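Following: one structure in C-alpha cells, then a few remarks.
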Amino acid sequence: MTEAARPTWLRRLARNPSVIVGAAVLLVFVLAAFLADAVSTHNPTRLVPGNRLTPPSAQHYLGTDEFGRDVYSLVIHGSRVSLLVGVTTMLLTSLGGVAVGLVAGYNRRLDTIVMRLMDGLMAFPAILLAIALMAARGPGVWNVIMALSIVYMPRTAILIRSTVLSIRELDYIQAARALGRRDLAIGFRHILPNCVGPLLVQGSFIFAYAILAEAILGFLGVGVPPYVPSWGNVIAGGKNVIREAFWVSLFPGAALTLAGLSLNLLGDGLRDVLDPRLRVQ
C-alpha cells in the first residue's frame with residue numbers, strides 16, 4: 001500500500017463506529033446546552049405548586065417535579081452545568097497533568113518527590129476526596145470544577161510520565177541533547193507531541209468521570225447550589241417521590257447515562273485509532 005493510499009487518522013476516526021455514535025450523541029447534548037433557552041418550554045427555576053408532580057403530557061413533556069418545575073426544561077438546562085464542569089475539568093487536568101508528567105518523567109531528581117505526591121492523592125477514593133474538598137470550600141460550580149480537577153489530575157500526570165519515560169532515552173532525544181538543545185525545548189518539541197494521542201483518550205474519560213462525579217456531588221447535596229438546575233440536583237429531589245413520580249429521577253438519570261456512554265464510546269474509538277498497538281492492519 002502506498003503512502004497516499006493509506007487512510008489518515010482522521011479517516012480512521014470517521015470510519016470507527018464507536019467514534020461516530022459517541023460523537024453524535026455528545027453533539028446532541030452540546031447543542032441542547034447552547035440552545036437551552038430556545039428549546040426549553042418553561043423557566044426551569046419557576047416554582048408552580050399547582051402543577052406539582054404532574055405526569056408527562058403535551059404541556060410538560062417529561063412531567064414536573066415536587067416544586068412544579070418542568071423536568072424537560074431542567075434536564076435541558078442541567079446539560080449546561082454538566083458540560084461546563086466536564087469540559088473545564090478535562091482542560092485543567094490535562095494542563096496540570098502534562099506539566100507534572102513532563103517534569104516527573106524527564107527530571108529524575110524530581111520524579112520521586114512529585115510522583116509520591118501524586119500517589120498520595122491517588123490513595124484516596126476519588127469521590128471521597130472530592131466531597132472533602134467541597135466541604136472545605138462550600139457549594140458552587142467553580143468549586144466543583146477545582147475539586148474534581150485536583151482529584152483527577154494525578155491520573156493524567158501518571159499517564160504522561162509513563163509516556164515520557166518510554167521515549168526520553170530514544171536516539172532522537174539523545175541527539176537533541178547532544179546538539180545542545182535545552183530541556184524545555186526538548187520537552188515541548190520532541191516529547192510533548194508523542195503525548196497527544198494518550199492525552200486525547202484520557203481526556204475523554206476524564207470528561208465522563210467529571211460529569212458523573214458532578215451528579216454524585218449534587219445528589220449528595222455538596223455540589224452546585226440547589227437552585228442551579230443540574231442533573232444531580234434533580235435526581236436528588238426525585239428520590240423522595242420516586243414511588244409517586246418516577247419520571248423526576250428517571251429522565252435526568254437517563255441523560256446522565258447517555259452522556260457518560262457517549263464519552264466512553266468516543267474514548268474507546270480514539271484509543272482504537274490512536275494506539276498503534278490496537279490498530280488492525
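To be explicit about the labels: the chains of the C-alpha cells are called A, B, and onward in the order shown, and within each one the residues are counted from 1, while ligands get numbers from 1 in the order they are shown.
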Quick one: which region 134-213 of chain A residues come within 7 Å of region 261-266 of chain A, and what is the nearest atom pair for each with the distance in Å to one decimal, counting only C-alpha atoms, rows ordered by chain and ascending number, as a tab-separated table?
residue	atom	partner	partner_atom	distance
A:Ser204	CA	A:Leu263	CA	6.0
A:Phe205	CA	A:Asn264	CA	6.2
A:Ala208	CA	A:Leu263	CA	5.8
Problem set entry | Those in region 14-253 of chain A with helix (DSSP H, G or I) from DSSP, as a ChimeraX atom specification | /A:14-15,17-34,36-39,49-51,71-106,108-122,126-137,141-167,171-178,183-220,231-241,247-253
Write out as a tab-separated table (two decimals) with N, CA and C atoms, in the first residue's frame each polymer residue whose atoms come within 8 Å of Val87 (chain A), counting only C-alpha atoms; drop sequence neighbours fewer than 4 positions from it.
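around32.tsv, written as the output of this step:
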chain	number	residue	atom	x	y	z
A	83	LEU	N	-21.84	19.85	31.18
A	83	LEU	CA	-20.83	20.03	30.13
A	83	LEU	C	-19.78	21.05	30.55
A	91	LEU	N	-9.89	20.13	30.71
A	91	LEU	CA	-8.82	21.04	30.31
A	91	LEU	C	-7.83	21.28	31.45
A	207	PHE	N	-13.55	13.55	31.08
A	207	PHE	CA	-14.80	14.26	30.81
A	207	PHE	C	-15.98	13.48	31.37
For this session: Compile the contact shell of Pro49 (chain A) as a PyMOL selection string: residues with an atom at most 9 Å away, counting only C-alpha atoms, same-chain residues fewer than 5 positions apart removed.
Result: chain A and resi 66-69
Restricted to all heavy atoms, what would the selected residues look like written as an mmCIF file, in the first residue's frame?
data_model
loop_
_atom_site.group_PDB
_atom_site.id
_atom_site.type_symbol
_atom_site.label_atom_id
_atom_site.label_comp_id
_atom_site.auth_asym_id
_atom_site.auth_seq_id
_atom_site.Cartn_x
_atom_site.Cartn_y
_atom_site.Cartn_z
ATOM 1 N N GLU A 66 -41.399 17.967 42.357
ATOM 2 C CA GLU A 66 -42.173 18.234 43.559
ATOM 3 C C GLU A 66 -42.428 19.714 43.789
ATOM 4 O O GLU A 66 -43.246 20.084 44.638
ATOM 5 C CB GLU A 66 -41.447 17.644 44.781
ATOM 6 C CG GLU A 66 -40.135 18.317 45.158
ATOM 7 C CD GLU A 66 -38.951 17.761 44.370
ATOM 8 O OE1 GLU A 66 -39.162 17.184 43.280
ATOM 9 O OE2 GLU A 66 -37.821 17.924 44.850
ATOM 10 N N PHE A 67 -41.750 20.585 43.062
ATOM 11 C CA PHE A 67 -41.986 22.020 43.159
ATOM 12 C C PHE A 67 -42.768 22.565 41.966
ATOM 13 O O PHE A 67 -42.938 23.778 41.843
ATOM 14 C CB PHE A 67 -40.658 22.774 43.275
ATOM 15 C CG PHE A 67 -39.847 22.371 44.467
ATOM 16 C CD1 PHE A 67 -38.665 21.656 44.313
ATOM 17 C CD2 PHE A 67 -40.260 22.694 45.752
ATOM 18 C CE1 PHE A 67 -37.913 21.285 45.401
ATOM 19 C CE2 PHE A 67 -39.513 22.313 46.853
ATOM 20 C CZ PHE A 67 -38.342 21.601 46.683
ATOM 21 N N GLY A 68 -43.196 21.684 41.089
ATOM 22 C CA GLY A 68 -43.934 22.123 39.911
ATOM 23 C C GLY A 68 -43.051 22.588 38.765
ATOM 24 O O GLY A 68 -43.552 23.144 37.783
ATOM 25 N N ARG A 69 -41.736 22.388 38.869
ATOM 26 C CA ARG A 69 -40.839 22.786 37.787
ATOM 27 C C ARG A 69 -40.889 21.771 36.649
ATOM 28 O O ARG A 69 -41.044 20.567 36.883
ATOM 29 C CB ARG A 69 -39.398 22.914 38.301
ATOM 30 C CG ARG A 69 -39.218 23.986 39.365
ATOM 31 C CD ARG A 69 -37.794 24.013 39.884
ATOM 32 N NE ARG A 69 -37.438 22.739 40.511
ATOM 33 C CZ ARG A 69 -36.239 22.468 41.029
ATOM 34 N NH1 ARG A 69 -35.281 23.393 40.983
ATOM 35 N NH2 ARG A 69 -35.997 21.303 41.581
#
Problem set entry | Residue contacts of Pro252 (chain A) (7 Å, only C-alpha atoms) excluding same-chain residues fewer than 3 positions away, as a PyMOL selection string | chain A and resi 75+231+234-235+249+255-256
For this session: Quote the spacing between CA of Arg161 (chain A) and CA of Ala23 (chain A) in Å to one decimal place.
Result: 28.5 Å
For this session: Show which residues sit within 8 Å of Val201 (chain A), as a ChimeraX atom specification. Count only C-alpha atoms, and ignore same-chain residues fewer than 5 positions away.
Result: /A:267-268,270-271
Limited to all heavy atoms, could you put the picked residues into a file as a short mmCIF file (atom, residue, chain, number, x, y, z; two decimals), in the first residue's frame?
data_model
loop_
_atom_site.label_atom_id
_atom_site.label_comp_id
_atom_site.auth_asym_id
_atom_site.auth_seq_id
_atom_site.Cartn_x
_atom_site.Cartn_y
_atom_site.Cartn_z
N GLY A 267 -14.10 7.74 23.71
CA GLY A 267 -12.76 7.42 24.20
C GLY A 267 -12.25 6.09 23.70
O GLY A 267 -11.08 5.96 23.33
N ASP A 268 -13.12 5.09 23.67
CA ASP A 268 -12.72 3.78 23.14
C ASP A 268 -12.34 3.88 21.66
O ASP A 268 -11.36 3.28 21.21
CB ASP A 268 -13.85 2.77 23.31
CG ASP A 268 -14.03 2.34 24.76
OD1 ASP A 268 -13.06 2.48 25.53
OD2 ASP A 268 -15.12 1.87 25.12
N LEU A 270 -11.26 6.60 20.04
CA LEU A 270 -9.99 7.32 19.94
C LEU A 270 -8.82 6.42 20.28
O LEU A 270 -7.77 6.45 19.62
CB LEU A 270 -10.01 8.54 20.87
CG LEU A 270 -10.89 9.71 20.47
CD1 LEU A 270 -10.94 10.75 21.58
CD2 LEU A 270 -10.37 10.35 19.18
N ARG A 271 -8.97 5.59 21.30
CA ARG A 271 -7.90 4.67 21.67
C ARG A 271 -7.63 3.66 20.57
O ARG A 271 -6.48 3.37 20.24
CB ARG A 271 -8.27 3.94 22.97
CG ARG A 271 -7.19 3.00 23.48
CD ARG A 271 -7.68 2.27 24.70
NE ARG A 271 -8.89 1.52 24.40
CZ ARG A 271 -9.65 0.95 25.32
NH1 ARG A 271 -9.35 1.08 26.60
NH2 ARG A 271 -10.74 0.28 24.97
#
